[in-house]
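S.K.: Submitted below is the structure of interest, expressed as structure tokens.
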Amino acid sequence: MNNSAARDRTDLLSRLAREFQLSSGGAREIIVHFHDEMRRGLAGEASSLKMLPAFVPRPRGTERGSFLALDLGGTNIRVLAASLDGNGRATPGPVSRFAIPRELTTGAGDALFDFLAASVGAFFHDHRLDACRPYDLAFAFSFPFLPLAVAAGRLLSWTKGFAAAGVEGQEVAALLRNALRRRGMENLRVAALVNDTVGTLAAGSYADPACDMGVILGTGTNACYPERAGRLVKYPAAAPEDETIVNIEWGNFDRLPANDYDRELDLASANPGRQRLEKMVSGMYLGELGRRIVLAMTARGLLFRGAAPPACLEPYAWTAEHMALASGDAGDFSGLGLTGAATADKRIVGEICRLVARRAARLAGTAIAAVVTWLDPALDMAHTVAIDGALFAKYPGFPEQMRTLLGELYGDRAPRIAFTPARDGSGIGAAIVAAVAAASRE
Ligand code: BGC
């Protein structure tokens with residue numbers, strides 16, 4: 001590479017660093033917009049934040065019983081059992097995991113729900129459970145739905161690349177109930193329909209009353225928090241001081257400084273114009289952002305001598321996990337399909353991965369800061385944020401970069417915001433919500 005090409009590379013990298021930078025001043029501006037959108041969403045005005053009430057408060061820790069949960073996340077299904085001891089301890093029981101065949105996420109809705117019911121059937125079989133005994137099943141459904149009751153809700157729109165036909169606008173607990181009936185599993189009662197963030201908050205606050213936020217940083221991203229029912233102007237409350245958990249659906253937040261790569265990714269996605277924050281933060285999109293930047297640099301002749309390796313050509317072929325491996329100390333580029341690339345090229349790809357992931361972590365930290373300061377503007381109290389999802393749990397340095405941002409914003413008050421990992425929290429938490437609902441019926 002001659003000197004001028006080397007200079008072009010360095011220039012482009014510094015431009016990228018600027019485009020993917022989120023300063024603490026930028027984070028503060030986002031927080032102001034976020035509060036504005038929260039307020040509008042609660043008031044029923046046009047807003048990118050849907051602010052959906054779950055119609056349940058946080059658990060008290062005294063709920064008890066045994067429940068099953070079916071957790072439909074972004075890439076996997078989990079079926080699990082959990083028992084609650086009434087003393088803040090939820091003990092996970094047997095669990096089975098199933099990968100969702102890609103074609104089911106975009107095929108006929110009935111086929112997807114039949115697969116869910118078949119997964120529950122396989123769980124019964126694998127763990128030799130009595131298929132004649134009645135069970136309460138909580139459905140952790142990681143998509144935006146309009147709750148109609150504790151165990152009923154209408155899917156507003158698919159996210160995370162799902163597009164199964166005939167499901168948007170439908171009541172999804174009923175779709176599951178019908179699929180279970182088609183398999184003859186009449187012994188299962190769908191007892192709660194719970195967004196994964198609400199499950200995560202329920203799991204966190206069952207054990208720790210200071211927990212007041214549930215966050216998912218995985219294939220998708222979102223959060224929920226406890227709100228005074230009276231502030232949900234669009235759902236008149238019987239008792240305004242009662243607490244209800246609100247699913248923010250923050251993945252759709254859109255008052256953000258987007259760059260050309262963000263705009264192009266959005267336009268080419270299955271849901272253009274939607275889930276703009278999710279497309280900058282969550283695991284489903286980080287690899288794709290990285291891939292697009294690398295392709296653009298290659299097109300300018302600044303990488304791979306201008307000829308893109310086949311591994312860069314397929315949309316969504318790069319995952320966040322591949323990026324983490326490439327930008328980590330071991331510099332493992334096999335997942336990105338770049339093992340044979342020149343060392344100098346790999347160094348730049350690694351740097352691109354780091355820039356994309358760093359902005360994602362800082363945006364995630366910003367969104368958490370926005371919700372915590374909505375609850376407690378001067379950070380007078382301690383807050384625990386329960387967080388589930390592979391990006392948080394497995395991406396090296398991600399939680400630390402979120403913490404750095406909080407430190408920049410709040411100095412010595414930042415430690416008042418504690419992160420607690422809620423591994424598999426959404427499934428167990430959905431079971432806890434089923435228990436909360438059962439307790440309120442008694
Ligand atoms: C969905 C949310 C969900 C989040 C995390 C988003 O795409 O809209 O409902 O909580 O992913 O799974």
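Ligands are numbered from 1 in the order shown, residues from 1 within each chain, and chains are lettered A, B, ... in the order they appear in the structure tokens.
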Name the residues, by chain letter and number, that sit within 9 Å of ligand 1 using only C-alpha atoms and all ligand atoms, and give them as a ChimeraX atom specification.
M.R.: /A:72-74,141-145,157-161,195-198,215-224,247-252,275,278,282,389
S.K.: Once you have the residues from the selection above, write them out as a PDB file, in the first residue's frame, restricted to C-alpha atoms.
M.R.:
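Result went into out-v4.pdb, see below:
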```
ATOM      1  CA  LEU A  72     -39.946 -16.951  22.693  1.00  0.00           C
ATOM      2  CA  GLY A  73     -36.893 -14.703  22.380  1.00  0.00           C
ATOM      3  CA  GLY A  74     -35.066 -13.573  19.282  1.00  0.00           C
ATOM      4  CA  PHE A 141     -43.213 -13.063  24.349  1.00  0.00           C
ATOM      5  CA  SER A 142     -40.350 -10.760  23.367  1.00  0.00           C
ATOM      6  CA  PHE A 143     -42.218  -8.493  20.967  1.00  0.00           C
ATOM      7  CA  PRO A 144     -44.321  -5.343  21.317  1.00  0.00           C
ATOM      8  CA  PHE A 145     -47.884  -6.236  22.171  1.00  0.00           C
ATOM      9  CA  SER A 157     -45.602  -5.352  14.997  1.00  0.00           C
ATOM     10  CA  TRP A 158     -42.913  -7.970  14.619  1.00  0.00           C
ATOM     11  CA  THR A 159     -39.326  -6.931  15.285  1.00  0.00           C
ATOM     12  CA  LYS A 160     -35.882  -8.604  15.069  1.00  0.00           C
ATOM     13  CA  GLY A 161     -36.478  -9.873  11.523  1.00  0.00           C
ATOM     14  CA  ASN A 195     -42.802  -9.131  27.577  1.00  0.00           C
ATOM     15  CA  ASP A 196     -39.246 -10.349  28.290  1.00  0.00           C
ATOM     16  CA  THR A 197     -38.279  -7.045  29.933  1.00  0.00           C
ATOM     17  CA  VAL A 198     -41.230  -7.348  32.327  1.00  0.00           C
ATOM     18  CA  VAL A 215     -33.457  -4.413  30.516  1.00  0.00           C
ATOM     19  CA  ILE A 216     -32.758  -6.737  27.607  1.00  0.00           C
ATOM     20  CA  LEU A 217     -29.529  -6.342  25.664  1.00  0.00           C
ATOM     21  CA  GLY A 218     -29.590  -9.310  23.327  1.00  0.00           C
ATOM     22  CA  THR A 219     -30.820  -9.964  19.791  1.00  0.00           C
ATOM     23  CA  GLY A 220     -33.170  -7.026  20.431  1.00  0.00           C
ATOM     24  CA  THR A 221     -33.191  -4.357  23.114  1.00  0.00           C
ATOM     25  CA  ASN A 222     -35.855  -2.917  25.378  1.00  0.00           C
ATOM     26  CA  ALA A 223     -36.628  -1.993  28.989  1.00  0.00           C
ATOM     27  CA  CYS A 224     -39.439  -1.612  31.500  1.00  0.00           C
ATOM     28  CA  ASN A 247     -42.915  -1.770  28.838  1.00  0.00           C
ATOM     29  CA  ILE A 248     -41.175   1.175  27.184  1.00  0.00           C
ATOM     30  CA  GLU A 249     -40.344  -0.546  23.858  1.00  0.00           C
ATOM     31  CA  TRP A 250     -37.236   1.632  23.744  1.00  0.00           C
ATOM     32  CA  GLY A 251     -35.875  -0.199  20.709  1.00  0.00           C
ATOM     33  CA  ASN A 252     -38.141   2.075  18.667  1.00  0.00           C
ATOM     34  CA  GLN A 275     -36.608   0.209  15.884  1.00  0.00           C
ATOM     35  CA  GLU A 278     -32.407  -1.235  18.405  1.00  0.00           C
ATOM     36  CA  SER A 282     -28.724  -4.769  19.692  1.00  0.00           C
ATOM     37  CA  GLY A 389     -29.251 -10.846  27.038  1.00  0.00           C
TER      38      GLY A 389
END
```
S.K.: Tell me which protein, DNA and RNA residues are within 6 Å of stretch 416-428 of chain A, counting only C-alpha atoms, leaving out same-chain ones fewer than 6 positions away, and put them as a list in words.
M.R.: Ala69, Asp71, Asp196, Gly199, Thr200, Ala203, Ala382, His383, Thr384, Val385, Ala386, Ile387 and Asp388 of chain A
S.K.: Please identify the helix (DSSP H, G or I) residues within stretch 181-428 of chain A (assignment by DSSP from backbone atoms) and present them as a ChimeraX atom specification.
M.R.: /A:181-182,196-207,229-231,250-252,260-268,276-281,283-299,304-306,310-312,320-327,343-375,390-394,398-416,425-428
S.K.: Could you give me, as a PyMOL selection string, the residues within 10 Å of A:Ile348, counting only C-alpha atoms and dropping anything in the same chain fewer than 2 positions from it?
M.R.: chain A and resi 9-10+13+294+302-303+327+343-346+350-354
S.K.: Quick one: pull the distance between atom CA of A:Ala108 and atom CA of A:Arg182, Å, one decimal.
M.R.: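 Straight-line distance from atom CA of A:Ala108 to atom CA of A:Arg182 works out to 15.8 Å.
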S.K.: What's the separation between atom CA of A:Ala430 and atom CA of A:Arg40, in Å to one decimal place?
M.R.: 27.9 Å
S.K.: Between atom CA of A:Ile293 and atom CA of A:Ser269, what is the spacing in Å?
M.R.: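 About the pair atom CA of A:Ser269 and atom CA of A:Ile293: they are 15.9 Å apart.
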S.K.: Ranking A:Tyr410, A:Tyr206, A:Tyr285, A:Phe98 by minimum distance to A:Thr366 and counting only C-alpha atoms, which one comes first?
M.R.: A:Tyr410
S.K.: Fewer than 4 positions away in the same chain doesn't count, so skip those; otherwise give me all residues within 12 Å of A:Ala330, counting only C-alpha atoms, as a PyMOL selection string.
M.R.: chain A and resi 323-326+334+347+350+396
S.K.: Considering only C-alpha atoms, state which residue in the set A:Arg358, A:Arg305, A:Asp114, A:Ala311 is at the smallest distance from A:Thr339.
M.R.: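 Using only C-alpha atoms, A:Thr339 sits closest to A:Ala311.
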S.K.: List the spatial neighbours of A:Arg89 as a ChimeraX atom specification - criterion: any atom at most 12 Å away, only C-alpha atoms, same-chain residues fewer than 6 positions off excluded.
M.R.: /A:59-65,82-83,202-208,428-429,432
S.K.: Put those residues in a file: N, CA and C atoms, as an mmCIF file, in the first residue's frame.
M.R.:
```cif
data_model
loop_
_atom_site.group_PDB
_atom_site.id
_atom_site.type_symbol
_atom_site.label_atom_id
_atom_site.label_comp_id
_atom_site.auth_asym_id
_atom_site.auth_seq_id
_atom_site.Cartn_x
_atom_site.Cartn_y
_atom_site.Cartn_z
ATOM 1 N N PRO A 59 -43.510 -7.942 41.769
ATOM 2 C CA PRO A 59 -43.870 -8.936 42.793
ATOM 3 C C PRO A 59 -43.418 -8.448 44.172
ATOM 4 N N ARG A 60 -44.009 -9.037 45.211
ATOM 5 C CA ARG A 60 -43.588 -8.662 46.567
ATOM 6 C C ARG A 60 -42.491 -9.582 47.088
ATOM 7 N N GLY A 61 -42.312 -10.693 46.431
ATOM 8 C CA GLY A 61 -41.335 -11.677 46.926
ATOM 9 C C GLY A 61 -42.024 -12.766 47.733
ATOM 10 N N THR A 62 -43.334 -12.572 47.984
ATOM 11 C CA THR A 62 -44.054 -13.549 48.814
ATOM 12 C C THR A 62 -44.881 -14.513 47.960
ATOM 13 N N GLU A 63 -44.913 -14.298 46.653
ATOM 14 C CA GLU A 63 -45.692 -15.182 45.777
ATOM 15 C C GLU A 63 -45.053 -16.568 45.782
ATOM 16 N N ARG A 64 -45.896 -17.595 45.704
ATOM 17 C CA ARG A 64 -45.343 -18.948 45.699
ATOM 18 C C ARG A 64 -46.041 -19.827 44.682
ATOM 19 N N GLY A 65 -45.452 -20.967 44.449
ATOM 20 C CA GLY A 65 -46.080 -21.925 43.545
ATOM 21 C C GLY A 65 -45.099 -22.417 42.490
ATOM 22 N N ALA A 82 -40.253 -23.392 37.027
ATOM 23 C CA ALA A 82 -39.659 -22.619 38.120
ATOM 24 C C ALA A 82 -40.548 -22.760 39.328
ATOM 25 N N SER A 83 -39.945 -22.845 40.517
ATOM 26 C CA SER A 83 -40.787 -22.808 41.709
ATOM 27 C C SER A 83 -40.370 -21.650 42.589
ATOM 28 N N ALA A 202 -39.431 -8.596 36.875
ATOM 29 C CA ALA A 202 -40.108 -9.403 37.905
ATOM 30 C C ALA A 202 -39.097 -10.324 38.586
ATOM 31 N N ALA A 203 -38.212 -10.947 37.792
ATOM 32 C CA ALA A 203 -37.209 -11.847 38.375
ATOM 33 C C ALA A 203 -36.267 -11.051 39.289
ATOM 34 N N GLY A 204 -35.854 -9.859 38.836
ATOM 35 C CA GLY A 204 -34.930 -9.041 39.627
ATOM 36 C C GLY A 204 -35.576 -8.564 40.913
ATOM 37 N N SER A 205 -36.832 -8.104 40.822
ATOM 38 C CA SER A 205 -37.434 -7.494 42.013
ATOM 39 C C SER A 205 -38.036 -8.538 42.957
ATOM 40 N N TYR A 206 -38.246 -9.773 42.476
ATOM 41 C CA TYR A 206 -38.692 -10.844 43.393
ATOM 42 C C TYR A 206 -37.638 -11.029 44.490
ATOM 43 N N ALA A 207 -36.360 -10.932 44.067
ATOM 44 C CA ALA A 207 -35.268 -11.157 45.020
ATOM 45 C C ALA A 207 -34.806 -9.867 45.694
ATOM 46 N N ASP A 208 -35.002 -8.717 45.026
ATOM 47 C CA ASP A 208 -34.399 -7.470 45.518
ATOM 48 C C ASP A 208 -35.379 -6.314 45.309
ATOM 49 N N ILE A 428 -38.126 -17.145 33.901
ATOM 50 C CA ILE A 428 -38.455 -17.281 35.330
ATOM 51 C C ILE A 428 -39.362 -16.122 35.741
ATOM 52 N N GLY A 429 -39.034 -14.938 35.229
ATOM 53 C CA GLY A 429 -39.830 -13.760 35.561
ATOM 54 C C GLY A 429 -41.257 -13.872 35.059
ATOM 55 N N ILE A 432 -43.040 -15.729 37.471
ATOM 56 C CA ILE A 432 -43.342 -14.898 38.652
ATOM 57 C C ILE A 432 -44.559 -14.015 38.376
#
```
S.K.: Could you list, with a cut-off of 7 Å and counting only C-alpha atoms, the residues of stretch 172-238 of chain A near stretch 116-138 of chain A, each shown with its nearest atom pair and the distance in Å rounded to one decimal, rows sorted by chain and ascending number, as a tab-separated table?
M.R.:
```
residue	atom	partner	partner_atom	distance
A:Ala179	CA	A:Ala117	CA	5.9
A:Leu180	CA	A:Ala117	CA	5.2
A:Asn187	CA	A:Pro134	CA	4.5
A:Leu188	CA	A:Tyr135	CA	5.0
A:Arg189	CA	A:Asp136	CA	4.9
A:Val190	CA	A:Leu137	CA	4.9
A:Ala191	CA	A:Ala138	CA	5.4
A:Ala192	CA	A:Ala138	CA	4.7
A:Leu193	CA	A:Ala138	CA	6.2
```
S.K.: Convert the current residue selection to file output with N, CA, C and O atoms, as a PDB file, in the first residue's frame.
M.R.:
```
ATOM      1  N   ALA A 179     -52.860 -23.512  19.453  1.00  0.00           N
ATOM      2  CA  ALA A 179     -51.816 -24.447  18.997  1.00  0.00           C
ATOM      3  C   ALA A 179     -51.656 -25.581  20.017  1.00  0.00           C
ATOM      4  O   ALA A 179     -51.462 -26.739  19.645  1.00  0.00           O
ATOM      5  N   LEU A 180     -51.738 -25.244  21.321  1.00  0.00           N
ATOM      6  CA  LEU A 180     -51.618 -26.290  22.350  1.00  0.00           C
ATOM      7  C   LEU A 180     -52.783 -27.265  22.222  1.00  0.00           C
ATOM      8  O   LEU A 180     -52.630 -28.482  22.348  1.00  0.00           O
ATOM      9  N   ASN A 187     -54.159 -29.711  29.145  1.00  0.00           N
ATOM     10  CA  ASN A 187     -53.824 -29.572  30.579  1.00  0.00           C
ATOM     11  C   ASN A 187     -53.068 -28.279  30.881  1.00  0.00           C
ATOM     12  O   ASN A 187     -52.834 -27.959  32.041  1.00  0.00           O
ATOM     13  N   LEU A 188     -52.698 -27.533  29.830  1.00  0.00           N
ATOM     14  CA  LEU A 188     -51.923 -26.305  30.059  1.00  0.00           C
ATOM     15  C   LEU A 188     -52.818 -25.078  29.982  1.00  0.00           C
ATOM     16  O   LEU A 188     -53.569 -24.917  29.015  1.00  0.00           O
ATOM     17  N   ARG A 189     -52.691 -24.220  31.027  1.00  0.00           N
ATOM     18  CA  ARG A 189     -53.479 -22.987  31.007  1.00  0.00           C
ATOM     19  C   ARG A 189     -52.505 -21.822  30.797  1.00  0.00           C
ATOM     20  O   ARG A 189     -51.541 -21.679  31.578  1.00  0.00           O
ATOM     21  N   VAL A 190     -52.720 -21.052  29.745  1.00  0.00           N
ATOM     22  CA  VAL A 190     -51.836 -19.892  29.524  1.00  0.00           C
ATOM     23  C   VAL A 190     -52.223 -18.839  30.576  1.00  0.00           C
ATOM     24  O   VAL A 190     -53.280 -18.213  30.498  1.00  0.00           O
ATOM     25  N   ALA A 191     -51.356 -18.691  31.589  1.00  0.00           N
ATOM     26  CA  ALA A 191     -51.739 -17.903  32.763  1.00  0.00           C
ATOM     27  C   ALA A 191     -51.232 -16.466  32.711  1.00  0.00           C
ATOM     28  O   ALA A 191     -51.707 -15.616  33.474  1.00  0.00           O
ATOM     29  N   ALA A 192     -50.264 -16.191  31.852  1.00  0.00           N
ATOM     30  CA  ALA A 192     -49.765 -14.810  31.746  1.00  0.00           C
ATOM     31  C   ALA A 192     -49.058 -14.643  30.413  1.00  0.00           C
ATOM     32  O   ALA A 192     -48.466 -15.593  29.896  1.00  0.00           O
ATOM     33  N   LEU A 193     -49.173 -13.443  29.859  1.00  0.00           N
ATOM     34  CA  LEU A 193     -48.453 -13.096  28.627  1.00  0.00           C
ATOM     35  C   LEU A 193     -47.546 -11.926  29.008  1.00  0.00           C
ATOM     36  O   LEU A 193     -48.032 -10.874  29.431  1.00  0.00           O
TER      37      LEU A 193
END
```
S.K.: Would you return as an MDAnalysis selection string the members of stretch 195-354 of chain A that DSSP assigns to strand (DSSP E) on this structure's backbone?
M.R.: chainID A and resid 211:217 221:228 243:247
S.K.: Which residues come within 10 Å of A:Ser23, counting only C-alpha atoms, excluding same-chain residues fewer than 6 positions away, as number ranges by chain?
M.R.: A: 29, 359, 362, 405, 408
S.K.: Determine, counting only C-alpha atoms, which protein, DNA and RNA residues have an atom within 8 Å of an atom of A:Val95; residues of the same chain fewer than 2 positions away are not included. Present the result as a CSV table (one decimal) with all heavy atoms, in the first residue's frame.
M.R.:
```
chain,number,residue,atom,x,y,z
A,78,ARG,N,-37.1,-21.2,24.9
A,78,ARG,CA,-36.8,-21.9,26.1
A,78,ARG,C,-38.1,-22.3,26.7
A,78,ARG,O,-39.0,-21.5,26.8
A,78,ARG,CB,-36.0,-21.1,27.1
A,78,ARG,CG,-34.6,-20.9,26.7
A,78,ARG,CD,-33.9,-20.0,27.6
A,78,ARG,NE,-34.5,-18.7,27.7
A,78,ARG,CZ,-34.0,-17.5,28.0
A,78,ARG,NH1,-32.7,-17.6,28.4
A,78,ARG,NH2,-34.6,-16.4,28.0
A,79,VAL,N,-38.1,-23.6,27.2
A,79,VAL,CA,-39.3,-24.0,28.0
A,79,VAL,C,-38.7,-24.4,29.3
A,79,VAL,O,-37.7,-25.1,29.4
A,79,VAL,CB,-40.0,-25.2,27.4
A,79,VAL,CG1,-41.3,-25.5,28.2
A,79,VAL,CG2,-40.3,-25.0,25.9
A,80,LEU,N,-39.3,-23.9,30.4
A,80,LEU,CA,-38.7,-24.2,31.7
A,80,LEU,C,-39.7,-24.3,32.8
A,80,LEU,O,-40.9,-23.8,32.6
A,80,LEU,CB,-37.6,-23.1,32.1
A,80,LEU,CG,-38.1,-21.7,32.1
A,80,LEU,CD1,-38.4,-21.2,33.5
A,80,LEU,CD2,-37.0,-20.8,31.5
A,81,ALA,N,-39.3,-24.8,33.9
A,81,ALA,CA,-40.1,-24.9,35.1
A,81,ALA,C,-39.5,-24.0,36.2
A,81,ALA,O,-38.2,-23.9,36.2
A,81,ALA,CB,-40.3,-26.3,35.6
A,92,PRO,N,-35.0,-22.3,39.5
A,92,PRO,CA,-35.2,-22.9,38.2
A,92,PRO,C,-35.2,-24.4,38.2
A,92,PRO,O,-34.4,-25.0,38.9
A,92,PRO,CB,-34.1,-22.4,37.3
A,92,PRO,CG,-33.1,-21.7,38.3
A,92,PRO,CD,-33.6,-21.7,39.6
A,93,GLY,N,-36.2,-25.0,37.5
A,93,GLY,CA,-36.2,-26.4,37.4
A,93,GLY,C,-35.7,-26.9,36.0
A,93,GLY,O,-34.8,-26.2,35.5
A,97,ARG,N,-34.0,-26.1,25.5
A,97,ARG,CA,-33.8,-25.0,24.6
A,97,ARG,C,-34.0,-25.5,23.1
A,97,ARG,O,-33.5,-26.6,22.8
A,97,ARG,CB,-32.4,-24.4,24.7
A,97,ARG,CG,-32.2,-23.7,26.0
A,97,ARG,CD,-30.8,-23.0,26.0
A,97,ARG,NE,-30.7,-22.0,27.1
A,97,ARG,CZ,-30.5,-22.4,28.3
A,97,ARG,NH1,-30.3,-23.7,28.6
A,97,ARG,NH2,-30.5,-21.5,29.3
A,123,PHE,N,-40.5,-30.7,25.7
A,123,PHE,CA,-40.1,-30.4,27.1
A,123,PHE,C,-40.7,-31.5,28.0
A,123,PHE,O,-40.0,-32.1,28.9
A,123,PHE,CB,-40.5,-29.0,27.5
A,123,PHE,CG,-40.3,-28.7,28.9
A,123,PHE,CD1,-39.1,-28.3,29.4
A,123,PHE,CD2,-41.4,-28.7,29.8
A,123,PHE,CE1,-38.9,-27.9,30.8
A,123,PHE,CE2,-41.3,-28.3,31.1
A,123,PHE,CZ,-40.0,-28.0,31.6
```
